[in-house]
Amino acid sequence: MNYIEIYENYYNLKIEKGFEIHHIDGNVDNNNIENLICLPKKFHQCLHNWVGIISRESICILLEWYNNMIEKEYKFTHRALGYYLVVKYKKLVKTNSEIEIKRRKYLKDLKTNQRYNLTKKSKVYHLDVSGRNIYDQKTQHINWVGELKQ
């Protein structure tokens, strides 16, 4: 059985459209039910791309905040949601240095793999070039806040 079937059978439900199953420890081969959690697709993607590997408790705190914002009819771009998840994670969750090192390594490896895939496809990116630059950070700030503060 794959992890979706395991989750559906354990909780006796069908995963709704717009939701995905997340492996909490980042290991897709670990299909233990304690390692699986159902998340909204957008939240799940931003969790992987911006926050990285964090504990179930941390995910639940961020998910509660996200659900409250959705109930208030807030709409987020992927970039803005990712930014806010990182900010909320750092404010709401106390982490020890070992967990933070694992989380940052996961994100670094993810970005390296993304750049490598772009290099193979477009032959424009170089592996030694960072995925973000000053201009991109200013653009992100404009997208999140609405104006660039000098």
# chains A, B, ... in the order shown; residues from 1 in each chain; ligands from 1
call {"tool": "closest_atom_pairs", "arguments": {"of": "region 21-73 of chain A", "to": "region 80-88 of chain A", "cutoff": "8 Å", "atoms": "only C-alpha atoms", "output": "tab-separated table"}}
result
residue	atom	partner	partner_atom	distance
A:Phe43	CA	A:Leu81	CA	7.6
A:Cys46	CA	A:Gly82	CA	4.9
A:Leu47	CA	A:Gly82	CA	6.9
A:Asn49	CA	A:Gly82	CA	7.4
A:Trp50	CA	A:Gly82	CA	5.2
A:Val51	CA	A:Val86	CA	5.6
A:Leu62	CA	A:Leu85	CA	6.7
call {"tool": "closest_atom_pairs", "arguments": {"of": "region 19-100 of chain A", "to": "region 5-10 of chain A", "cutoff": "12 Å", "atoms": "only C-alpha atoms", "output": "CSV"}}
result
residue,atom,partner,partner_atom,distance
A:Glu20,CA,A:Tyr7,CA,10.6
A:Ile21,CA,A:Tyr7,CA,8.0
A:His22,CA,A:Tyr7,CA,10.4
A:His23,CA,A:Tyr7,CA,11.0
A:Asn30,CA,A:Ile6,CA,11.4
A:Asn31,CA,A:Ile6,CA,7.6
A:Asn32,CA,A:Ile6,CA,8.5
A:Ile33,CA,A:Tyr7,CA,6.6
A:Glu34,CA,A:Tyr7,CA,9.8
A:Asn35,CA,A:Tyr7,CA,10.0
A:Leu36,CA,A:Tyr7,CA,7.1
A:Ile37,CA,A:Tyr7,CA,8.1
A:Cys38,CA,A:Tyr7,CA,8.4
call {"tool": "atom_distance", "arguments": {"atom1": "CA of Leu110 (chain A)", "atom2": "CA of Glu64 (chain A)"}}
result
25.6 Å
call {"tool": "atom_distance", "arguments": {"atom1": "CA of Lys42 (chain A)", "atom2": "CA of His78 (chain A)"}}
result
7.0 Å
call {"tool": "atom_distance", "arguments": {"atom1": "CA of Ile59 (chain A)", "atom2": "CA of Pro40 (chain A)"}}
result
11.9 Å
call {"tool": "closest_residue", "arguments": {"among": "A:Glu16, A:Arg79, A:Tyr89, A:Ile99", "to": "Leu63 (chain A)", "atoms": "only C-alpha atoms"}}
result
A:Tyr89
